[in-house]
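Enquirer: To be precise about what I am sending: the file is called coords_8.txt and holds compact mmCIF, C-alpha atoms.
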```
# COMPACT_ATOMS: atom_id res chain seq x y z
CA MET A 306 129.20 -65.22 -64.19
CA SER A 307 127.47 -62.40 -62.38
CA ALA A 308 123.75 -62.75 -61.87
CA THR A 309 121.59 -60.15 -63.63
CA VAL A 310 119.21 -58.40 -61.29
CA THR A 311 115.97 -57.35 -62.96
CA ALA A 312 114.23 -54.30 -61.47
CA PRO A 313 110.57 -54.82 -60.63
CA ALA A 314 108.21 -53.39 -63.27
CA ARG A 315 106.38 -50.21 -62.31
CA PRO A 316 102.58 -50.32 -62.35
CA ALA A 317 101.02 -48.78 -65.41
CA ALA A 318 100.02 -45.15 -65.03
CA ALA A 319 97.19 -45.38 -67.54
CA PRO A 320 94.41 -46.24 -65.03
CA ARG A 321 95.47 -43.39 -62.76
CA SER A 322 95.52 -40.87 -65.63
CA ARG A 323 92.20 -42.18 -66.84
CA LYS A 324 90.69 -41.68 -63.40
CA ALA A 325 92.13 -38.17 -63.25
CA GLY A 326 90.66 -37.39 -66.66
CA ASN A 327 87.26 -38.69 -65.61
CA GLY A 328 87.40 -36.63 -62.43
CA ALA A 329 88.28 -33.44 -64.32
CA ARG A 330 85.50 -34.09 -66.82
CA ARG A 331 83.03 -34.66 -63.98
CA ARG A 332 84.10 -31.42 -62.29
CA ARG A 333 83.67 -29.48 -65.53
CA MET A 334 80.21 -30.98 -66.01
CA LEU A 335 79.17 -30.10 -62.46
CA LEU A 336 80.53 -26.59 -62.91
CA TRP A 337 78.59 -26.20 -66.18
CA ILE A 338 75.39 -27.42 -64.49
CA ALA A 339 75.90 -25.00 -61.60
CA GLN A 340 76.45 -22.08 -63.98
CA HIS A 341 73.37 -22.89 -66.06
CA ALA A 342 71.10 -24.18 -63.28
CA LEU A 343 68.45 -21.51 -63.77
CA ALA A 344 68.38 -22.00 -67.55
CA ILE A 345 68.10 -25.78 -67.11
CA VAL A 346 65.18 -25.41 -64.67
CA LEU A 347 63.36 -23.01 -67.01
CA ALA A 348 63.96 -25.33 -69.98
CA LEU A 349 62.51 -28.27 -68.06
CA MET A 350 59.50 -26.16 -67.05
CA PHE A 351 58.80 -25.32 -70.69
CA LEU A 352 59.44 -28.86 -71.95
CA ALA A 353 57.31 -30.60 -69.33
CA PRO A 354 53.91 -29.66 -70.90
CA VAL A 355 55.12 -30.75 -74.35
CA VAL A 356 56.31 -34.10 -73.00
CA PHE A 357 53.04 -34.58 -71.11
CA LEU A 358 51.13 -33.71 -74.31
CA ALA A 359 53.07 -36.27 -76.37
CA LEU A 360 52.79 -39.05 -73.78
CA THR A 361 49.04 -38.55 -73.30
CA ALA A 362 48.53 -38.57 -77.08
CA LEU A 363 49.88 -42.14 -77.18
CA MET A 364 47.64 -43.53 -74.41
CA THR A 365 44.36 -45.38 -74.65
CA ASP A 366 41.04 -43.74 -73.84
CA GLU A 367 40.88 -45.40 -70.43
CA GLN A 368 44.47 -44.66 -69.40
CA ALA A 369 44.21 -41.00 -70.49
CA LEU A 370 41.56 -40.52 -67.78
CA THR A 371 43.85 -41.87 -65.05
CA SER A 372 46.80 -40.25 -63.26
CA ASP A 373 49.36 -42.33 -65.18
CA LEU A 374 52.16 -40.36 -66.80
CA TRP A 375 53.66 -43.13 -68.93
CA PRO A 376 51.69 -45.04 -71.59
CA ARG A 377 51.19 -48.74 -70.93
CA SER A 378 51.05 -49.28 -74.69
CA TRP A 379 52.08 -46.99 -77.52
CA ASN A 380 48.94 -46.24 -79.54
CA TRP A 381 50.31 -44.53 -82.64
CA ASP A 382 46.99 -45.07 -84.39
CA ASN A 383 45.53 -42.20 -82.34
CA PHE A 384 46.93 -39.80 -84.93
CA ALA A 385 45.21 -41.74 -87.73
CA VAL A 386 41.94 -41.56 -85.79
CA VAL A 387 42.30 -37.76 -85.56
CA PHE A 388 42.61 -37.51 -89.34
CA ALA A 389 39.66 -39.86 -89.80
CA LYS A 390 37.36 -37.95 -87.40
CA SER A 391 38.21 -34.44 -88.60
CA GLN A 392 39.08 -32.47 -91.72
CA LEU A 393 42.59 -31.78 -90.46
CA LEU A 394 44.19 -31.74 -93.90
CA ARG A 395 41.66 -29.22 -95.19
CA TRP A 396 42.13 -27.05 -92.11
CA THR A 397 45.90 -27.20 -92.62
CA VAL A 398 45.58 -26.02 -96.22
CA ASN A 399 43.33 -23.14 -95.15
CA THR A 400 45.73 -22.17 -92.37
CA LEU A 401 48.73 -22.25 -94.71
CA LEU A 402 46.83 -20.08 -97.18
CA TYR A 403 45.89 -17.61 -94.46
CA ALA A 404 49.33 -17.54 -92.84
CA GLY A 405 51.30 -17.57 -96.10
CA LEU A 406 49.40 -14.81 -97.89
CA GLY A 407 49.01 -12.82 -94.69
CA THR A 408 52.75 -12.89 -94.03
CA LEU A 409 53.59 -12.01 -97.63
CA PHE A 410 51.13 -9.12 -97.76
CA THR A 411 52.25 -7.79 -94.38
CA VAL A 412 55.92 -7.73 -95.35
CA LEU A 413 55.26 -6.17 -98.76
CA SER A 414 53.09 -3.42 -97.32
CA SER A 415 54.96 -2.71 -94.09
CA VAL A 416 58.49 -2.40 -95.46
CA PRO A 417 57.81 0.72 -97.65
CA VAL A 418 55.95 2.45 -94.81
CA ALA A 419 58.73 1.74 -92.33
CA TYR A 420 61.33 2.92 -94.86
CA ALA A 421 59.48 6.18 -95.41
CA LEU A 422 59.12 6.83 -91.68
CA ALA A 423 62.78 6.01 -91.06
CA ARG A 424 64.45 7.75 -94.04
CA PHE A 425 62.24 10.47 -95.51
CA ARG A 426 62.21 13.91 -93.93
CA PHE A 427 58.78 15.51 -94.18
CA ARG A 428 56.56 17.64 -92.00
CA GLY A 429 54.49 15.57 -89.61
CA ARG A 430 56.73 12.49 -89.81
CA ARG A 431 56.83 12.04 -86.04
CA ALA A 432 53.07 12.56 -85.77
CA ALA A 433 52.50 9.94 -88.46
CA PHE A 434 54.72 7.50 -86.60
CA LEU A 435 52.88 8.15 -83.33
CA LEU A 436 49.58 7.60 -85.13
CA VAL A 437 50.80 4.24 -86.40
CA VAL A 438 51.91 3.24 -82.91
CA ALA A 439 48.61 4.45 -81.42
CA THR A 440 46.64 2.04 -83.63
CA MET A 441 48.25 -0.86 -81.74
CA MET A 442 46.32 0.21 -78.64
CA LEU A 443 42.95 -0.14 -80.40
CA PRO A 444 41.32 -3.48 -79.48
CA PRO A 445 40.08 -5.41 -82.52
CA GLN A 446 36.69 -5.94 -80.86
CA VAL A 447 35.99 -2.21 -81.09
CA VAL A 448 35.85 -2.23 -84.89
CA ALA A 449 34.58 -5.80 -85.31
CA VAL A 450 30.93 -4.91 -86.00
CA PRO A 451 31.48 -2.14 -88.60
CA LEU A 452 34.17 -4.18 -90.36
CA TYR A 453 31.91 -7.21 -90.49
CA LEU A 454 29.12 -5.14 -92.03
CA VAL A 455 31.52 -3.83 -94.69
CA TRP A 456 32.72 -7.31 -95.63
CA ALA A 457 29.15 -8.64 -95.58
CA ARG A 458 28.08 -5.99 -98.10
CA LEU A 459 31.03 -6.98 -100.28
CA GLY A 460 29.92 -10.62 -100.10
CA LEU A 461 33.20 -11.89 -98.65
CA THR A 462 31.95 -13.32 -95.37
CA ASP A 463 32.15 -17.09 -94.83
CA THR A 464 35.68 -16.89 -96.31
CA LEU A 465 39.14 -16.02 -95.05
CA TRP A 466 39.59 -13.04 -97.39
CA PRO A 467 38.39 -10.47 -94.80
CA LEU A 468 41.39 -11.58 -92.75
CA ILE A 469 43.91 -11.66 -95.61
CA LEU A 470 43.10 -8.56 -97.67
CA PRO A 471 43.52 -5.98 -94.83
CA MET A 472 47.14 -7.07 -94.53
CA LEU A 473 47.80 -5.38 -97.86
CA LEU A 474 47.47 -2.11 -95.91
CA GLY A 475 50.27 -2.95 -93.49
CA ASP A 476 50.46 -3.86 -89.83
CA ALA A 477 51.21 -1.34 -87.10
CA PHE A 478 53.49 -3.59 -85.05
CA SER A 479 55.42 -4.69 -88.16
CA VAL A 480 55.89 -1.08 -89.25
CA PHE A 481 57.09 -0.15 -85.77
CA LEU A 482 59.57 -3.04 -85.58
CA LEU A 483 60.97 -2.42 -89.07
CA ARG A 484 61.20 1.32 -88.58
CA GLN A 485 63.14 0.90 -85.34
CA PHE A 486 65.63 -1.31 -87.16
CA LEU A 487 65.97 0.91 -90.23
CA VAL A 488 66.85 4.01 -88.22
CA THR A 489 69.96 2.18 -86.95
CA ILE A 490 71.35 1.77 -90.48
CA PRO A 491 73.77 4.65 -91.22
CA ARG A 492 72.50 7.19 -93.72
CA GLU A 493 75.82 7.06 -95.58
CA TYR A 494 74.63 3.92 -97.37
CA THR A 495 71.53 5.59 -98.77
CA ASP A 496 73.46 8.79 -99.55
CA ALA A 497 76.02 6.79 -101.51
CA ALA A 498 73.23 5.03 -103.42
CA LYS A 499 71.62 8.39 -104.25
CA VAL A 500 74.98 9.68 -105.54
CA ASP A 501 75.21 6.65 -107.82
CA GLY A 502 71.80 7.55 -109.24
CA CYS A 503 69.59 5.02 -107.45
CA SER A 504 65.97 5.87 -106.96
CA ASP A 505 64.27 5.48 -103.59
CA LEU A 506 62.72 2.17 -104.62
CA ARG A 507 66.02 0.78 -105.91
CA THR A 508 67.82 1.99 -102.79
CA LEU A 509 65.27 0.18 -100.67
CA VAL A 510 65.50 -3.05 -102.65
CA ARG A 511 69.23 -3.17 -103.39
CA VAL A 512 70.76 -1.48 -100.33
CA ILE A 513 68.41 -1.42 -97.33
CA LEU A 514 66.62 -4.75 -97.56
CA PRO A 515 69.80 -6.91 -97.65
CA MET A 516 70.96 -5.24 -94.43
CA ALA A 517 67.49 -5.48 -92.87
CA ARG A 518 66.97 -9.19 -93.48
CA PRO A 519 67.02 -10.12 -89.75
CA ALA A 520 64.27 -7.60 -89.00
CA VAL A 521 62.22 -8.68 -92.03
CA ALA A 522 62.59 -12.32 -90.97
CA ALA A 523 61.46 -11.47 -87.43
CA VAL A 524 58.41 -9.61 -88.75
CA ALA A 525 57.55 -12.50 -91.07
CA LEU A 526 57.80 -15.02 -88.25
CA PHE A 527 55.73 -12.88 -85.90
CA GLN A 528 53.00 -12.54 -88.53
CA PHE A 529 53.10 -16.21 -89.50
CA PHE A 530 52.75 -17.31 -85.89
CA TYR A 531 49.91 -14.84 -85.34
CA CYS A 532 47.96 -16.08 -88.36
CA TRP A 533 48.60 -19.72 -87.49
CA ASN A 534 47.28 -19.27 -83.93
CA ASP A 535 44.50 -16.80 -84.74
CA TYR A 536 41.15 -17.96 -83.41
CA TYR A 537 39.04 -14.82 -83.15
CA GLY A 538 39.29 -13.85 -86.83
CA PRO A 539 38.34 -17.24 -88.31
CA LEU A 540 35.57 -17.59 -85.72
CA LEU A 541 34.11 -14.30 -86.92
CA TYR A 542 34.48 -14.73 -90.69
CA ALA A 543 35.04 -18.39 -91.59
CA GLY A 544 31.37 -19.35 -91.22
CA VAL A 545 29.77 -22.60 -90.13
CA GLN A 546 31.09 -24.81 -92.94
CA GLN A 547 34.06 -26.87 -91.76
CA GLU A 548 35.66 -26.69 -95.21
CA GLY A 549 36.53 -23.04 -94.57
CA TRP A 550 37.91 -23.40 -91.04
CA THR A 551 41.49 -23.00 -89.90
CA LEU A 552 43.40 -25.25 -87.52
CA SER A 553 42.73 -23.15 -84.43
CA LEU A 554 38.98 -23.08 -85.04
CA GLY A 555 38.86 -26.74 -86.05
CA LEU A 556 40.89 -27.79 -83.02
CA ALA A 557 38.52 -25.97 -80.66
CA THR A 558 35.55 -27.75 -82.22
CA PHE A 559 37.36 -31.09 -82.13
CA LYS A 560 38.01 -30.64 -78.40
CA ALA A 561 34.34 -29.89 -77.83
CA PHE A 562 33.22 -33.09 -79.57
CA HIS A 563 35.91 -35.28 -77.97
CA SER A 564 36.21 -33.64 -74.57
CA VAL A 565 36.34 -37.01 -72.76
CA GLN A 566 38.84 -38.65 -75.12
CA TRP A 567 41.90 -36.82 -73.89
CA ASN A 568 44.26 -38.97 -75.92
CA LEU A 569 42.64 -37.87 -79.19
CA THR A 570 42.48 -34.25 -78.02
CA MET A 571 46.18 -34.29 -77.15
CA ALA A 572 47.04 -35.99 -80.43
CA ALA A 573 45.19 -33.30 -82.40
CA THR A 574 46.85 -30.56 -80.35
CA LEU A 575 50.27 -32.06 -80.99
CA LEU A 576 49.62 -32.21 -84.74
CA VAL A 577 48.58 -28.54 -84.75
CA THR A 578 51.49 -27.26 -82.67
CA ALA A 579 54.25 -29.43 -84.18
CA PRO A 580 54.70 -27.33 -87.38
CA ILE A 581 55.11 -24.13 -85.35
CA ILE A 582 57.68 -25.75 -83.08
CA ILE A 583 59.62 -27.07 -86.08
CA VAL A 584 59.57 -23.70 -87.86
CA PHE A 585 60.75 -21.85 -84.76
CA PHE A 586 63.46 -24.46 -84.09
CA PHE A 587 65.04 -23.92 -87.50
CA ALA A 588 64.43 -20.14 -87.63
CA GLN A 589 65.21 -19.20 -84.03
CA ARG A 590 68.68 -17.82 -84.83
CA VAL A 591 67.33 -15.37 -87.41
CA PHE A 592 64.33 -14.60 -85.23
CA ILE A 593 66.40 -13.77 -82.13
CA GLU A 594 68.91 -11.82 -84.20
CA GLY A 595 66.19 -9.71 -85.73
CA VAL A 596 64.64 -8.91 -82.36
CA THR A 597 67.91 -8.14 -80.57
CA LEU A 598 69.28 -5.98 -83.38
CA THR A 599 66.12 -3.86 -83.52
CA GLY A 600 67.15 -0.48 -82.15
CA VAL A 601 65.21 1.99 -80.06
CA LYS A 602 66.66 5.08 -81.67
CA GLY A 603 64.41 7.78 -83.02
```
Give the structure from the file, written as structure tokens.
Expert:
Amino acid sequence: MSATVTAPARPAAAPRSRKAGNGARRRRMLLWIAQHALAIVLALMFLAPVVFLALTALMTDEQALTSDLWPRSWNWDNFAVVFAKSQLLRWTVNTLLYAGLGTLFTVLSSVPVAYALARFRFRGRRAAFLLVVATMMLPPQVVAVPLYLVWARLGLTDTLWPLILPMLLGDAFSVFLLRQFLVTIPREYTDAAKVDGCSDLRTLVRVILPMARPAVAAVALFQFFYCWNDYYGPLLYAGVQQEGWTLSLGLATFKAFHSVQWNLTMAATLLVTAPIIIVFFFAQRVFIEGVTLTGVKG
């Protein structure tokens, strides 16, 4: 009988292919980092203050005064202390009322004005638009005294209504932003709606607004952020009673009373800024789309 010769088994190629796959993945990762190096550096620069804010908010009083960057113990009760030592919930309700009504009134009053400036043909249209834009260059401090006297005679000082009611008359920046977007919408849409018998109001509501939703969302977010962060207006009109303050005014006072307790100050600041960060995180796509699609025609 002839002996059977068995060929030696070849080594498995799986480890070699796995190493090749890992090397290719590593090269792609390094290439991606090299292509986005500037964006990564800028992102870290913007995230560093937020991380420092959150870490300091979880420190003790003593450690917050040192140069330590990492908490030795996680003091989550600092946030409960902030609520106990301030009227944060009341300030939040006031701020939501101010920002919510202010945003609603601004959108409702600015959209018709922007539509008229973008679509209607009348004598002096360009002059009216330039007048609206010119009002943005007027500092609010110039008219602060006469406006305060008017609201004082109406008995509305020590409230937030002097800040909310003027938004029923529109906002110059919102009108400008909406008008610049509306002029980019082809007139064929409005002409077709007029042929079908739509009035100007129905054309605005049924035809123009659905196409202008990114711009409207951008205007709403701009106004909401402005009202949320507004400090000068509440300082002028909210009065001395803490029940009528907003978050920005209350936070400034809280910092003054707890200037040495940096952990509590950072915790209060984090609680005030967290809602804005969350809103922008979920609405950034619509916000950026509305800004980038706003034309400069006209």
Enquirer: One decimal, in Å: what's the spacing between CA of Val480 in chain A and CA of Val437 in chain A?
Expert: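 Answer for the CA of Val480 in chain A to CA of Val437 in chain A separation: 7.9 Å.
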Enquirer: Tell me, as number ranges by chain, which residues lie within 6 Å of range 391-405 of chain A, counting all atoms listed in the file; anything in the same chain fewer than 6 positions away does not count.
Expert: A: 529, 532-533, 550-552
Enquirer: Enumerate, in order of chain and increasing residue number, the residues of range 432-465 of chain A with an atom no farther than 12 Å from range 482-491 of chain A, each with its shortest atom pair and distance in Å to one decimal, counting all atoms listed in the file, as a Markdown table.
Expert:
```
| residue | atom | partner | partner_atom | distance |
| --- | --- | --- | --- | --- |
| A:Phe434 | CA | A:Arg484 | CA | 9.2 |
| A:Leu435 | CA | A:Arg484 | CA | 12.0 |
| A:Val437 | CA | A:Arg484 | CA | 11.0 |
| A:Val438 | CA | A:Leu482 | CA | 10.3 |
```
Enquirer: List every residue of range 507-597 of chain A that has an atom at most 8 Å from any atom of range 358-377 of chain A, giving for each one its closest atom pair and the distance in Å to one decimal, counting all atoms listed in the file, sorted by chain and then by ascending residue number, as CSV.
Expert:
```
residue,atom,partner,partner_atom,distance
A:Gln566,CA,A:Asp366,CA,5.7
A:Trp567,CA,A:Ala369,CA,5.9
A:Asn568,CA,A:Ala362,CA,4.4
A:Leu569,CA,A:Ala362,CA,6.3
A:Thr570,CA,A:Ala362,CA,7.5
A:Met571,CA,A:Ala362,CA,4.9
A:Ala572,CA,A:Ala362,CA,4.5
A:Leu575,CA,A:Ala359,CA,6.8
```
Enquirer: What is the distance, in Å and to one decimal place, between CA of Phe425 in chain A and CA of Ala439 in chain A?
Expert: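 So the answer is 20.5 Å.
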Enquirer: Around (42.9, -14.9, -89.9) in the file's frame, which residues reach within 7 Å when counting only C-alpha atoms? Return as JSON, numbers by chain?
Expert: {"A": [403, 465, 468, 469, 532, 535, 538, 539]}
Enquirer: Select, from A:Thr462, A:Ala342, A:Pro451, A:Val412, the residue with the minimum atom-to-atom distance to Gly549 in chain A, counting only C-alpha atoms.
Expert: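 Checking each candidate against Gly549 in chain A, we get A:Thr462 as the closest.
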Enquirer: Taking only C-alpha atoms into account, name the residue in A:Phe388, A:Phe585, A:Trp466, A:Tyr453 that is nearest to Leu406 in chain A.
Expert: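 Ranked by minimum distance to Leu406 in chain A, first place goes to A:Trp466.
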Enquirer: Figure out the distance between CA of Val387 in chain A and CA of Phe562 in chain A, please, to one decimal in Å.
Expert: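 Separating CA of Phe562 in chain A from CA of Val387 in chain A is a distance of 11.8 Å.
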Enquirer: Go through A:Asn380, A:Leu409, A:Arg511, A:Ser564 and flag the residue nearest Lys499 in chain A, using only C-alpha atoms for the distances.
Expert: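 Closest candidate: A:Arg511.
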Enquirer: Select, counting all atoms listed in the file, all protein, DNA and RNA residues no farther than 12 Å from (31.9, -22.1, -87.0) in file coordinates, and express the selection as a list in words.
Expert: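 Residues close enough to count: Asp463, Thr464, Tyr536, Tyr537, Gly538, Pro539, Leu540, Leu541, Tyr542, Ala543, Gly544, Val545, Gln546, Gln547, Glu548, Gly549, Trp550, Thr551, Leu552, Ser553, Leu554, Gly555, Leu556, Ala557, Thr558 and Phe559 of chain A.
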Enquirer: Could you check the closest approach to Leu413 in chain A for each of A:Ala588, A:Leu335, A:Leu436, A:Leu474 and tell me which residue wins, using all atoms listed in the file?
Expert: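 Checking each candidate against Leu413 in chain A, we get A:Leu474 as the closest.
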